[in-house]
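Visitor: What follows is work32.txt, compact mmCIF, C-alpha atoms and all ligand atoms.
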# COMPACT_ATOMS: atom_id res chain seq x y z
CA MET A 1 12.43 33.20 10.54
CA ASN A 2 14.77 33.49 7.55
CA GLU A 3 14.50 31.46 4.38
CA PHE A 4 17.20 28.96 5.40
CA ALA A 5 15.76 28.40 8.83
CA LEU A 6 12.39 27.88 7.24
CA ILE A 7 13.80 25.34 4.79
CA ALA A 8 15.49 23.49 7.65
CA ALA A 9 12.26 23.55 9.62
CA ARG A 10 10.14 22.44 6.67
CA PHE A 11 12.35 19.95 4.83
CA LYS A 12 14.25 18.20 7.65
CA PRO A 13 11.07 16.58 9.00
CA LEU A 14 10.50 15.05 5.55
CA ALA A 15 13.79 13.15 5.94
CA SER A 16 13.55 12.15 9.58
CA ASP A 17 12.10 8.66 8.97
CA PHE A 18 14.78 7.71 6.46
CA PRO A 19 18.17 6.78 8.01
CA GLY A 20 20.04 7.14 4.69
CA SER A 21 19.25 10.87 4.68
CA LEU A 22 21.56 11.31 7.72
CA GLY A 23 19.02 13.90 8.82
CA LEU A 24 20.07 16.13 5.87
CA SER A 25 23.05 17.16 8.00
CA ASP A 26 25.91 15.70 5.92
CA ASP A 27 27.08 16.55 2.41
CA ALA A 28 25.25 13.65 0.83
CA ALA A 29 22.96 10.75 1.59
CA LEU A 30 24.39 7.34 2.48
CA LEU A 31 22.25 4.47 1.26
CA ASP A 32 22.43 0.78 2.15
CA MET A 33 20.92 -1.22 -0.69
CA PRO A 34 18.63 -4.04 0.42
CA PRO A 35 20.11 -7.34 -0.84
CA GLU A 36 18.72 -8.94 -4.01
CA MET A 37 17.19 -5.66 -5.15
CA GLN A 38 18.02 -3.42 -8.09
CA LEU A 39 17.90 0.34 -7.86
CA VAL A 40 15.59 2.16 -10.30
CA VAL A 41 16.44 5.86 -10.64
CA THR A 42 14.53 8.58 -12.45
CA ALA A 43 14.64 12.38 -12.52
CA ASP A 44 11.91 14.72 -13.70
CA THR A 45 11.69 18.49 -13.66
CA VAL A 46 8.51 20.51 -13.52
CA ASN A 47 8.80 24.10 -14.68
CA GLU A 48 6.55 27.04 -13.95
CA GLY A 49 4.82 27.96 -17.19
CA VAL A 50 5.31 24.50 -18.74
CA HIS A 51 4.20 21.84 -16.24
CA PHE A 52 2.39 24.08 -13.84
CA ILE A 53 0.77 27.42 -14.33
CA GLY A 54 2.28 29.18 -11.34
CA ASP A 55 -0.74 30.29 -9.38
CA GLU A 56 -1.65 26.81 -8.13
CA ASP A 57 -1.48 25.98 -4.45
CA ALA A 58 2.23 25.17 -3.85
CA SER A 59 1.26 21.84 -2.28
CA LEU A 60 -0.16 20.76 -5.65
CA ILE A 61 3.06 21.72 -7.46
CA ALA A 62 5.09 19.67 -4.98
CA ARG A 63 2.80 16.67 -5.22
CA LYS A 64 2.79 16.71 -9.03
CA ALA A 65 6.60 16.93 -9.11
CA LEU A 66 6.80 13.87 -6.86
CA ARG A 67 4.05 11.96 -8.63
CA VAL A 68 5.47 12.24 -12.15
CA ASN A 69 8.60 10.56 -10.78
CA LEU A 70 6.56 7.90 -9.00
CA SER A 71 4.83 7.21 -12.30
CA ASP A 72 8.22 6.39 -13.85
CA LEU A 73 8.96 4.02 -10.97
CA ALA A 74 5.56 2.39 -11.53
CA ALA A 75 6.36 2.02 -15.23
CA MET A 76 9.48 0.02 -14.29
CA GLY A 77 7.58 -2.12 -11.75
CA ALA A 78 9.54 -0.60 -8.85
CA ALA A 79 8.45 0.24 -5.31
CA PRO A 80 9.20 3.81 -4.12
CA TRP A 81 12.19 4.09 -1.76
CA CYS A 82 13.47 7.67 -1.39
CA TYR A 83 13.89 10.89 -3.37
CA PHE A 84 16.10 13.95 -3.79
CA LEU A 85 14.68 17.42 -4.26
CA ALA A 86 16.31 20.30 -6.12
CA LEU A 87 14.12 23.36 -5.68
CA ALA A 88 14.90 26.66 -7.40
CA MET A 89 12.59 29.54 -6.61
CA PRO A 90 12.64 33.31 -6.95
CA GLY A 91 14.37 35.06 -4.06
CA ASN A 92 11.17 36.83 -3.06
CA THR A 93 9.19 33.59 -2.57
CA GLU A 94 6.90 33.85 0.43
CA GLU A 95 7.51 31.64 3.45
CA SER A 96 3.94 30.47 3.24
CA TRP A 97 4.62 29.14 -0.28
CA ILE A 98 7.53 27.02 1.00
CA ALA A 99 5.41 25.82 3.91
CA ARG A 100 2.60 24.70 1.58
CA PHE A 101 5.14 23.09 -0.76
CA ALA A 102 6.58 21.02 2.09
CA GLU A 103 3.11 20.09 3.34
CA GLY A 104 2.27 18.71 -0.10
CA LEU A 105 5.39 16.57 -0.09
CA HIS A 106 4.63 15.34 3.39
CA GLU A 107 1.13 14.28 2.45
CA ASP A 108 2.26 12.31 -0.61
CA GLN A 109 5.26 10.80 1.20
CA ARG A 110 2.80 9.20 3.60
CA ARG A 111 0.45 8.17 0.82
CA PHE A 112 3.08 6.49 -1.35
CA GLY A 113 5.62 5.32 1.22
CA ILE A 114 8.65 7.36 0.19
CA ALA A 115 10.94 9.74 2.10
CA LEU A 116 13.21 12.68 1.34
CA ALA A 117 16.88 11.62 1.32
CA GLY A 118 18.58 14.85 0.29
CA GLY A 119 18.55 17.81 -2.03
CA ASP A 120 19.32 21.42 -2.64
CA THR A 121 17.37 24.67 -2.43
CA THR A 122 18.47 27.71 -4.41
CA ALA A 123 17.25 31.15 -5.37
CA THR A 124 16.72 31.86 -9.06
CA CYS A 125 16.09 35.09 -10.90
CA ALA A 126 13.89 33.14 -13.32
CA ARG A 127 10.66 31.29 -12.63
CA ALA A 128 10.41 28.38 -10.20
CA HIS A 129 11.45 24.91 -11.16
CA VAL A 130 11.43 21.70 -9.21
CA THR A 131 13.58 18.68 -10.02
CA ILE A 132 12.97 15.46 -8.16
CA THR A 133 15.17 12.39 -8.48
CA ALA A 134 13.30 9.33 -7.22
CA LEU A 135 14.83 5.99 -6.29
CA GLY A 136 12.82 2.79 -6.36
CA LEU A 137 13.56 -0.84 -5.67
CA VAL A 138 12.75 -3.85 -7.78
CA PRO A 139 13.75 -7.52 -7.30
CA LYS A 140 16.87 -8.21 -9.40
CA GLY A 141 16.08 -8.92 -13.04
CA GLU A 142 12.34 -8.20 -12.70
CA ALA A 143 12.13 -4.56 -13.80
CA LEU A 144 9.60 -3.83 -16.54
CA ARG A 145 11.12 -2.57 -19.78
CA ARG A 146 9.83 -1.03 -23.00
CA ARG A 147 11.55 -3.49 -25.24
CA GLY A 148 9.80 -6.88 -24.97
CA ALA A 149 6.55 -6.45 -26.95
CA GLN A 150 5.97 -9.04 -29.69
CA ALA A 151 3.53 -9.31 -32.58
CA ASP A 152 0.03 -10.34 -31.39
CA ASP A 153 0.61 -9.06 -27.85
CA ARG A 154 -2.40 -7.09 -26.61
CA ILE A 155 -1.89 -3.40 -25.79
CA TYR A 156 -3.50 -2.08 -22.60
CA VAL A 157 -3.72 1.21 -20.75
CA SER A 158 -4.75 1.86 -17.15
CA GLY A 159 -7.39 4.38 -16.11
CA THR A 160 -8.67 6.88 -18.64
CA LEU A 161 -6.79 8.96 -21.20
CA GLY A 162 -7.01 12.60 -22.22
CA ASP A 163 -8.42 13.97 -18.97
CA ALA A 164 -5.26 15.89 -18.05
CA ALA A 165 -4.89 17.58 -21.44
CA LEU A 166 -8.55 18.63 -21.27
CA GLY A 167 -8.10 19.73 -17.65
CA LEU A 168 -5.27 22.04 -18.68
CA ARG A 169 -7.56 23.60 -21.29
CA CYS A 170 -10.18 24.11 -18.54
CA LEU A 171 -7.59 25.82 -16.31
CA ARG A 172 -6.66 28.07 -19.24
CA ASN A 173 -10.35 28.89 -19.77
CA GLN A 174 -10.32 27.31 -23.25
CA LEU A 175 -12.99 24.89 -22.02
CA PRO A 176 -15.64 25.30 -19.29
CA ARG A 177 -14.17 24.78 -15.80
CA ASN A 178 -14.37 21.15 -14.65
CA ASP A 179 -13.05 19.95 -11.26
CA PHE A 180 -12.56 16.34 -12.29
CA LEU A 181 -10.55 17.14 -15.42
CA GLU A 182 -8.52 19.87 -13.69
CA THR A 183 -7.63 17.52 -10.83
CA ARG A 184 -6.48 14.91 -13.34
CA TYR A 185 -4.04 17.51 -14.70
CA LEU A 186 -2.91 18.86 -11.35
CA LEU A 187 -2.64 15.59 -9.47
CA PRO A 188 -1.83 12.52 -11.56
CA GLU A 189 -2.25 9.10 -9.93
CA PRO A 190 0.94 7.00 -10.17
CA ARG A 191 -0.08 3.38 -10.87
CA LEU A 192 2.37 1.79 -8.46
CA ALA A 193 0.24 -1.21 -7.49
CA LEU A 194 -0.43 -2.05 -11.12
CA GLY A 195 3.26 -1.70 -12.03
CA ALA A 196 4.20 -4.16 -9.28
CA GLN A 197 1.46 -6.54 -10.40
CA LEU A 198 2.74 -6.49 -13.99
CA ARG A 199 6.22 -7.75 -13.06
CA GLY A 200 6.71 -11.14 -14.66
CA ALA A 201 3.54 -10.69 -16.73
CA ALA A 202 3.86 -7.68 -19.04
CA THR A 203 6.15 -8.07 -22.05
CA ALA A 204 6.69 -4.27 -22.19
CA CYS A 205 5.59 -1.31 -20.09
CA MET A 206 5.98 2.47 -19.89
CA ASP A 207 3.98 5.39 -18.60
CA VAL A 208 2.05 7.72 -20.90
CA SER A 209 3.28 11.26 -20.34
CA ASP A 210 3.36 12.74 -23.86
CA GLY A 211 0.29 11.24 -25.52
CA LEU A 212 -0.63 7.62 -26.26
CA ALA A 213 0.22 7.69 -29.97
CA GLN A 214 3.71 9.13 -29.49
CA ASP A 215 4.56 7.07 -26.40
CA LEU A 216 3.32 3.85 -28.00
CA GLY A 217 5.69 4.70 -30.86
CA HIS A 218 8.55 4.69 -28.33
CA LEU A 219 7.50 1.33 -26.90
CA CYS A 220 7.24 -0.14 -30.41
CA ALA A 221 10.62 1.25 -31.46
CA ALA A 222 12.24 -0.24 -28.34
CA SER A 223 10.57 -3.58 -29.10
CA GLY A 224 11.36 -3.57 -32.84
CA ALA A 225 7.63 -3.91 -33.56
CA GLY A 226 4.61 -1.83 -34.59
CA ALA A 227 1.05 -1.36 -33.35
CA GLU A 228 -2.52 -0.90 -34.38
CA ILE A 229 -4.89 0.95 -32.07
CA TRP A 230 -8.60 1.68 -32.33
CA THR A 231 -10.08 5.03 -31.35
CA ASP A 232 -13.41 3.50 -30.29
CA ARG A 233 -11.53 1.48 -27.62
CA LEU A 234 -9.84 4.46 -25.99
CA PRO A 235 -10.88 4.62 -22.31
CA LEU A 236 -12.52 8.02 -21.81
CA SER A 237 -13.98 9.43 -18.60
CA GLY A 238 -17.53 10.74 -18.59
CA ALA A 239 -16.20 14.28 -18.27
CA ALA A 240 -13.91 13.77 -21.26
CA ARG A 241 -16.72 12.33 -23.37
CA ALA A 242 -18.59 15.60 -22.95
CA CYS A 243 -15.76 17.40 -24.81
CA ALA A 244 -15.57 17.34 -28.60
CA GLU A 245 -11.76 17.02 -28.41
CA ALA A 246 -11.81 13.88 -26.20
CA ALA A 247 -10.34 11.39 -28.69
CA GLU A 248 -7.65 13.82 -29.84
CA ALA A 249 -6.74 14.53 -26.19
CA ALA A 250 -6.59 10.79 -25.46
CA LEU A 251 -4.29 10.13 -28.42
CA CYS A 252 -2.08 13.22 -28.32
CA GLY A 253 -2.58 15.02 -25.01
CA GLY A 254 0.14 14.91 -22.37
CA ASP A 255 0.23 14.44 -18.60
CA ASP A 256 -1.94 11.30 -18.35
CA TYR A 257 0.63 9.29 -16.34
CA GLU A 258 -1.29 6.08 -16.96
CA LEU A 259 0.55 2.82 -17.66
CA LEU A 260 0.79 1.54 -21.22
CA PHE A 261 1.75 -2.13 -21.39
CA THR A 262 1.55 -5.29 -23.45
CA LEU A 263 0.51 -8.82 -22.50
CA PRO A 264 0.75 -12.04 -24.50
CA PRO A 265 -2.56 -12.98 -26.22
CA GLN A 266 -3.48 -15.70 -23.72
CA ALA A 267 -2.70 -13.66 -20.58
CA GLN A 268 -5.44 -12.47 -18.25
CA ALA A 269 -5.55 -8.66 -17.96
CA PRO A 270 -5.65 -7.08 -14.48
CA ALA A 271 -8.82 -5.27 -13.39
CA GLY A 272 -9.29 -1.64 -14.39
CA VAL A 273 -7.31 -1.69 -17.63
CA THR A 274 -8.52 -1.42 -21.23
CA GLN A 275 -7.24 -3.09 -24.36
CA VAL A 276 -6.70 -0.38 -26.98
CA GLY A 277 -4.93 -2.33 -29.70
CA ILE A 278 -2.51 -5.01 -30.74
CA ILE A 279 1.21 -5.26 -31.48
CA THR A 280 2.05 -5.94 -35.13
CA GLN A 281 5.09 -7.10 -37.04
CA GLN A 282 4.68 -4.09 -39.36
CA LYS A 283 6.59 -1.15 -37.84
CA GLY A 284 4.95 2.15 -36.91
CA VAL A 285 1.75 3.02 -35.05
CA ARG A 286 -1.48 2.96 -37.05
CA VAL A 287 -4.66 4.43 -35.57
CA TYR A 288 -8.07 3.29 -36.87
CA THR A 289 -11.44 4.89 -36.25
CA ALA A 290 -14.64 2.91 -35.62
CA GLN A 291 -15.53 3.40 -39.30
CA GLY A 292 -12.28 1.69 -40.32
CA GLY A 293 -10.58 4.89 -41.48
CA GLU A 294 -6.92 5.42 -40.63
CA LEU A 295 -5.78 8.64 -38.95
CA LEU A 296 -2.72 10.18 -40.54
CA PRO A 297 0.51 10.21 -38.49
CA ALA A 298 0.77 13.99 -38.94
CA SER A 299 -2.36 14.44 -36.82
CA LEU A 300 -0.98 12.28 -34.02
CA SER A 301 2.06 14.07 -32.65
CA GLY A 302 2.22 14.25 -28.87
CA TYR A 303 3.79 16.83 -26.62
CA ARG A 304 7.31 17.89 -27.57
CA HIS A 305 9.43 20.15 -25.42
CA PHE A 306 11.68 21.29 -28.29
MG MG B 401 8.12 7.87 -18.30
Would you write the structure of this file as structure tokens?
Ligand SMILES: [Mg+2]
Guide:
Amino acid sequence: MNEFALIAARFKPLASDFPGSLGLSDDAALLDMPPEMQLVVTADTVNEGVHFIGDEDASLIARKALRVNLSDLAAMGAAPWCYFLALAMPGNTEESWIARFAEGLHEDQRRFGIALAGGDTTATCARAHVTITALGLVPKGEALRRRGAQADDRIYVSGTLGDAALGLRCLRNQLPRNDFLETRYLLPEPRLALGAQLRGAATACMDVSDGLAQDLGHLCAASGAGAEIWTDRLPLSGAARACAEAAEAALCGGDDYELLFTLPPQAQAPAGVTQVGIITQQKGVRVYTAQGGELLPASLSGYRHF
């Protein structure tokens, strides 16, 4: 079987349940929008050597590429609808790699209720990269935004922070190998149910992909406000606590894909989230330790691509 036949065999089935894909047999997808819904669209690329190491199981690469997009949909309070895949891989890629890649997508499509609607597969002379564009649906006017946080709102995060950054260090043998932490890096958990639950409740929301301190700065800038957070409140997993760098990873490490959101002071927080600070009138993000010391902004930069 040649590469194109394999792609047809592997990727067409991912689109078969979604009428708008036209079975991947036309030049483009044709989508009928459900009435009273708004479309939420996001695109994320994962690159070999940056977002994945390259020797992972291809199914994990596929699932991470899809999940980082789903996390953006969750951050906007949207429900997954369909996605487009642009896959560039070296010409000598093994058929078994493509098969595993498609299997990973299939598994997560079922898990998160999304289908392939179209895409493009190309050969590259460079390393592999995967771009997924995901479409989600949200009732008109109800999407979560970064811009609504007000002074005295409480700042919350879902799950635990820092695991993924520590997991990457484990995979690079800079820390002892640890399955839990490595899985948190390889396979983030998009918080779709929480995002939907926060519609109409959260004053601002985003997902944490580049470190809490930096991303909270973005939320504050969009809201025209500032924030104070406390390092002794950071939610850390047991595995993270065993690492000396846990707090630094939680503040500055990337790839958490947890939700960061604000609620008014009187609002009841959903289960499974942790208050890490408070929105302030004073601009900027200030980080305080349990001893009351303030960490300097220079020590708090998150992941930057450039
Ligand atoms: Mg995001």
Visitor: Counting only C-alpha atoms, what is within 10 Å of segment 118-127 of chain A, bar same-chain residues fewer than 6 positions away, as a ChimeraX atom specification?
Guide: /A:4,7,11-12,14-15,20-30,47-49,54,82-93,133
Visitor: Those same residues, written as a PDB file, in the coordinates of the input with C-alpha atoms?
Guide:
ATOM      1  CA  PHE A   4      17.200  28.960   5.400  1.00  0.00           C
ATOM      2  CA  ILE A   7      13.800  25.340   4.790  1.00  0.00           C
ATOM      3  CA  PHE A  11      12.350  19.950   4.830  1.00  0.00           C
ATOM      4  CA  LYS A  12      14.250  18.200   7.650  1.00  0.00           C
ATOM      5  CA  LEU A  14      10.500  15.050   5.550  1.00  0.00           C
ATOM      6  CA  ALA A  15      13.790  13.150   5.940  1.00  0.00           C
ATOM      7  CA  GLY A  20      20.040   7.140   4.690  1.00  0.00           C
ATOM      8  CA  SER A  21      19.250  10.870   4.680  1.00  0.00           C
ATOM      9  CA  LEU A  22      21.560  11.310   7.720  1.00  0.00           C
ATOM     10  CA  GLY A  23      19.020  13.900   8.820  1.00  0.00           C
ATOM     11  CA  LEU A  24      20.070  16.130   5.870  1.00  0.00           C
ATOM     12  CA  SER A  25      23.050  17.160   8.000  1.00  0.00           C
ATOM     13  CA  ASP A  26      25.910  15.700   5.920  1.00  0.00           C
ATOM     14  CA  ASP A  27      27.080  16.550   2.410  1.00  0.00           C
ATOM     15  CA  ALA A  28      25.250  13.650   0.830  1.00  0.00           C
ATOM     16  CA  ALA A  29      22.960  10.750   1.590  1.00  0.00           C
ATOM     17  CA  LEU A  30      24.390   7.340   2.480  1.00  0.00           C
ATOM     18  CA  ASN A  47       8.800  24.100 -14.680  1.00  0.00           C
ATOM     19  CA  GLU A  48       6.550  27.040 -13.950  1.00  0.00           C
ATOM     20  CA  GLY A  49       4.820  27.960 -17.190  1.00  0.00           C
ATOM     21  CA  GLY A  54       2.280  29.180 -11.340  1.00  0.00           C
ATOM     22  CA  CYS A  82      13.470   7.670  -1.390  1.00  0.00           C
ATOM     23  CA  TYR A  83      13.890  10.890  -3.370  1.00  0.00           C
ATOM     24  CA  PHE A  84      16.100  13.950  -3.790  1.00  0.00           C
ATOM     25  CA  LEU A  85      14.680  17.420  -4.260  1.00  0.00           C
ATOM     26  CA  ALA A  86      16.310  20.300  -6.120  1.00  0.00           C
ATOM     27  CA  LEU A  87      14.120  23.360  -5.680  1.00  0.00           C
ATOM     28  CA  ALA A  88      14.900  26.660  -7.400  1.00  0.00           C
ATOM     29  CA  MET A  89      12.590  29.540  -6.610  1.00  0.00           C
ATOM     30  CA  PRO A  90      12.640  33.310  -6.950  1.00  0.00           C
ATOM     31  CA  GLY A  91      14.370  35.060  -4.060  1.00  0.00           C
ATOM     32  CA  ASN A  92      11.170  36.830  -3.060  1.00  0.00           C
ATOM     33  CA  THR A  93       9.190  33.590  -2.570  1.00  0.00           C
ATOM     34  CA  THR A 133      15.170  12.390  -8.480  1.00  0.00           C
TER      35      THR A 133
END
Visitor: Which chain A residues have any atom within 7 Å of an atom of ligand MG 401 (chain B), and for each, what is the nearest pair of atoms with distance in Å to one decimal, counting all atoms listed in the file, rows sorted by chain and number, as JSON lines?
Guide:
{"residue": "A:Ser71", "atom": "CA", "partner": "B:MG401", "partner_atom": "MG", "distance": 6.9}
{"residue": "A:Asp72", "atom": "CA", "partner": "B:MG401", "partner_atom": "MG", "distance": 4.7}
{"residue": "A:Ala75", "atom": "CA", "partner": "B:MG401", "partner_atom": "MG", "distance": 6.8}
{"residue": "A:Met206", "atom": "CA", "partner": "B:MG401", "partner_atom": "MG", "distance": 6.0}
{"residue": "A:Asp207", "atom": "CA", "partner": "B:MG401", "partner_atom": "MG", "distance": 4.8}
{"residue": "A:Val208", "atom": "CA", "partner": "B:MG401", "partner_atom": "MG", "distance": 6.6}
{"residue": "A:Ser209", "atom": "CA", "partner": "B:MG401", "partner_atom": "MG", "distance": 6.3}
Visitor: With all atoms listed in the file as the counted atoms, please give the residues lying no more than 10 Å from segment 104-113 of chain A, apart from itself and same-chain residues fewer than 4 positions off, as number ranges by chain.
Guide: A: 10-11, 13-15, 57-67, 70, 79-83, 98-100, 190, 192
Visitor: Within 12 Å of segment 274-298 of chain A, which residues of segment 56-175 of chain A show up? Give each one with its shortest atom-to-atom distance in Å (one decimal) and the two atoms involved, counting all atoms listed in the file, rows by chain then rising residue number, as CSV.
Guide:
residue,atom,partner,partner_atom,distance
A:Gly148,CA,A:Ile279,CA,10.9
A:Ala149,CA,A:Ile279,CA,7.1
A:Gln150,CA,A:Ile279,CA,6.3
A:Ala151,CA,A:Thr280,CA,4.5
A:Asp152,CA,A:Ile279,CA,5.2
A:Asp153,CA,A:Ile279,CA,5.3
A:Arg154,CA,A:Ile278,CA,4.6
A:Ile155,CA,A:Gly277,CA,5.1
A:Tyr156,CA,A:Gln275,CA,4.3
A:Val157,CA,A:Thr274,CA,5.5
A:Ser158,CA,A:Thr274,CA,6.5
A:Gly159,CA,A:Thr274,CA,7.8
A:Thr160,CA,A:Thr274,CA,8.7
A:Leu161,CA,A:Thr274,CA,10.5
Visitor: Export C-alpha atoms of the chosen residues as an mmCIF file, keeping the file's coordinate frame?
Guide:
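Generated file (again-v5.cif):
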data_model
loop_
_atom_site.group_PDB
_atom_site.id
_atom_site.type_symbol
_atom_site.label_atom_id
_atom_site.label_comp_id
_atom_site.auth_asym_id
_atom_site.auth_seq_id
_atom_site.Cartn_x
_atom_site.Cartn_y
_atom_site.Cartn_z
ATOM 1 C CA GLY A 148 9.800 -6.880 -24.970
ATOM 2 C CA ALA A 149 6.550 -6.450 -26.950
ATOM 3 C CA GLN A 150 5.970 -9.040 -29.690
ATOM 4 C CA ALA A 151 3.530 -9.310 -32.580
ATOM 5 C CA ASP A 152 0.030 -10.340 -31.390
ATOM 6 C CA ASP A 153 0.610 -9.060 -27.850
ATOM 7 C CA ARG A 154 -2.400 -7.090 -26.610
ATOM 8 C CA ILE A 155 -1.890 -3.400 -25.790
ATOM 9 C CA TYR A 156 -3.500 -2.080 -22.600
ATOM 10 C CA VAL A 157 -3.720 1.210 -20.750
ATOM 11 C CA SER A 158 -4.750 1.860 -17.150
ATOM 12 C CA GLY A 159 -7.390 4.380 -16.110
ATOM 13 C CA THR A 160 -8.670 6.880 -18.640
ATOM 14 C CA LEU A 161 -6.790 8.960 -21.200
#
Visitor: Which of these residues is nearest to Lys140 of chain A, using all atoms listed in the file: A:Asn2, A:Ser16, A:Gln197, A:Gln38?
Guide: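 Going through A:Asn2, A:Ser16, A:Gln197, A:Gln38 one by one, the smallest distance to Lys140 of chain A is for A:Gln38.
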Visitor: Could you pull the residues within 12 Å of Ala143 of chain A, counting all atoms listed in the file, minus those fewer than 5 positions along the same chain, as an NGL selection string?
Guide: :A and (37-41 or 72-79 or 136-138 or 148 or 195-206)
Visitor: For a cutoff of 9 Å around the file-coordinate point (-3.8, 15.4, -15.5), which residues qualify once you count all atoms listed in the file? I'd like the result as a ChimeraX atom specification.
Guide: /A:162-168,181-189,254-257
Visitor: Could you dump the residues just selected with C-alpha atoms as a PDB file, in the coordinates of the input?
Guide:
ATOM      1  CA  GLY A 162      -7.010  12.600 -22.220  1.00  0.00           C
ATOM      2  CA  ASP A 163      -8.420  13.970 -18.970  1.00  0.00           C
ATOM      3  CA  ALA A 164      -5.260  15.890 -18.050  1.00  0.00           C
ATOM      4  CA  ALA A 165      -4.890  17.580 -21.440  1.00  0.00           C
ATOM      5  CA  LEU A 166      -8.550  18.630 -21.270  1.00  0.00           C
ATOM      6  CA  GLY A 167      -8.100  19.730 -17.650  1.00  0.00           C
ATOM      7  CA  LEU A 168      -5.270  22.040 -18.680  1.00  0.00           C
ATOM      8  CA  LEU A 181     -10.550  17.140 -15.420  1.00  0.00           C
ATOM      9  CA  GLU A 182      -8.520  19.870 -13.690  1.00  0.00           C
ATOM     10  CA  THR A 183      -7.630  17.520 -10.830  1.00  0.00           C
ATOM     11  CA  ARG A 184      -6.480  14.910 -13.340  1.00  0.00           C
ATOM     12  CA  TYR A 185      -4.040  17.510 -14.700  1.00  0.00           C
ATOM     13  CA  LEU A 186      -2.910  18.860 -11.350  1.00  0.00           C
ATOM     14  CA  LEU A 187      -2.640  15.590  -9.470  1.00  0.00           C
ATOM     15  CA  PRO A 188      -1.830  12.520 -11.560  1.00  0.00           C
ATOM     16  CA  GLU A 189      -2.250   9.100  -9.930  1.00  0.00           C
ATOM     17  CA  GLY A 254       0.140  14.910 -22.370  1.00  0.00           C
ATOM     18  CA  ASP A 255       0.230  14.440 -18.600  1.00  0.00           C
ATOM     19  CA  ASP A 256      -1.940  11.300 -18.350  1.00  0.00           C
ATOM     20  CA  TYR A 257       0.630   9.290 -16.340  1.00  0.00           C
TER      21      TYR A 257
END
Visitor: When distances are computed from all atoms listed in the file, which of A:Leu175, A:Val273, A:Cys220, A:Val50 shows the smallest separation from Pro235 of chain A?
Guide: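 Counting all atoms listed in the file, the residue closest to Pro235 of chain A is A:Val273.
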Visitor: Pull segment 174-186 of chain A out of the block and emit N, CA and C atoms, as a PDB file, in the first residue's frame.
Guide:
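Saved file part_1.pdb follows:
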ATOM      1  N   GLN A 174      16.583  14.588  33.106  1.00  0.00           N
ATOM      2  CA  GLN A 174      17.099  15.604  34.034  1.00  0.00           C
ATOM      3  C   GLN A 174      16.543  15.375  35.438  1.00  0.00           C
ATOM      4  N   LEU A 175      15.482  14.558  35.508  1.00  0.00           N
ATOM      5  CA  LEU A 175      14.915  14.136  36.781  1.00  0.00           C
ATOM      6  C   LEU A 175      14.684  12.629  36.678  1.00  0.00           C
ATOM      7  N   PRO A 176      14.567  11.929  37.836  1.00  0.00           N
ATOM      8  CA  PRO A 176      14.284  10.490  37.764  1.00  0.00           C
ATOM      9  C   PRO A 176      12.984  10.224  37.013  1.00  0.00           C
ATOM     10  N   ARG A 177      12.937   9.155  36.226  1.00  0.00           N
ATOM     11  CA  ARG A 177      11.743   8.828  35.450  1.00  0.00           C
ATOM     12  C   ARG A 177      10.535   8.706  36.369  1.00  0.00           C
ATOM     13  N   ASN A 178       9.382   9.227  35.907  1.00  0.00           N
ATOM     14  CA  ASN A 178       8.159   9.180  36.709  1.00  0.00           C
ATOM     15  C   ASN A 178       6.961   9.115  35.766  1.00  0.00           C
ATOM     16  N   ASP A 179       6.253   7.989  35.774  1.00  0.00           N
ATOM     17  CA  ASP A 179       5.140   7.761  34.836  1.00  0.00           C
ATOM     18  C   ASP A 179       4.063   8.826  34.916  1.00  0.00           C
ATOM     19  N   PHE A 180       3.691   9.167  36.169  1.00  0.00           N
ATOM     20  CA  PHE A 180       2.606  10.138  36.342  1.00  0.00           C
ATOM     21  C   PHE A 180       2.967  11.476  35.711  1.00  0.00           C
ATOM     22  N   LEU A 181       4.147  11.984  36.035  1.00  0.00           N
ATOM     23  CA  LEU A 181       4.562  13.296  35.526  1.00  0.00           C
ATOM     24  C   LEU A 181       4.740  13.256  34.006  1.00  0.00           C
ATOM     25  N   GLU A 182       5.316  12.170  33.495  1.00  0.00           N
ATOM     26  CA  GLU A 182       5.541  12.065  32.053  1.00  0.00           C
ATOM     27  C   GLU A 182       4.210  12.028  31.299  1.00  0.00           C
ATOM     28  N   THR A 183       3.238  11.305  31.871  1.00  0.00           N
ATOM     29  CA  THR A 183       1.925  11.242  31.224  1.00  0.00           C
ATOM     30  C   THR A 183       1.251  12.609  31.222  1.00  0.00           C
ATOM     31  N   ARG A 184       1.462  13.366  32.275  1.00  0.00           N
ATOM     32  CA  ARG A 184       0.878  14.720  32.326  1.00  0.00           C
ATOM     33  C   ARG A 184       1.469  15.611  31.223  1.00  0.00           C
ATOM     34  N   TYR A 185       2.716  15.360  30.844  1.00  0.00           N
ATOM     35  CA  TYR A 185       3.320  16.107  29.733  1.00  0.00           C
ATOM     36  C   TYR A 185       2.810  15.589  28.387  1.00  0.00           C
ATOM     37  N   LEU A 186       2.773  14.271  28.264  1.00  0.00           N
ATOM     38  CA  LEU A 186       2.461  13.673  26.963  1.00  0.00           C
ATOM     39  C   LEU A 186       0.980  13.759  26.614  1.00  0.00           C
TER      40      LEU A 186
END
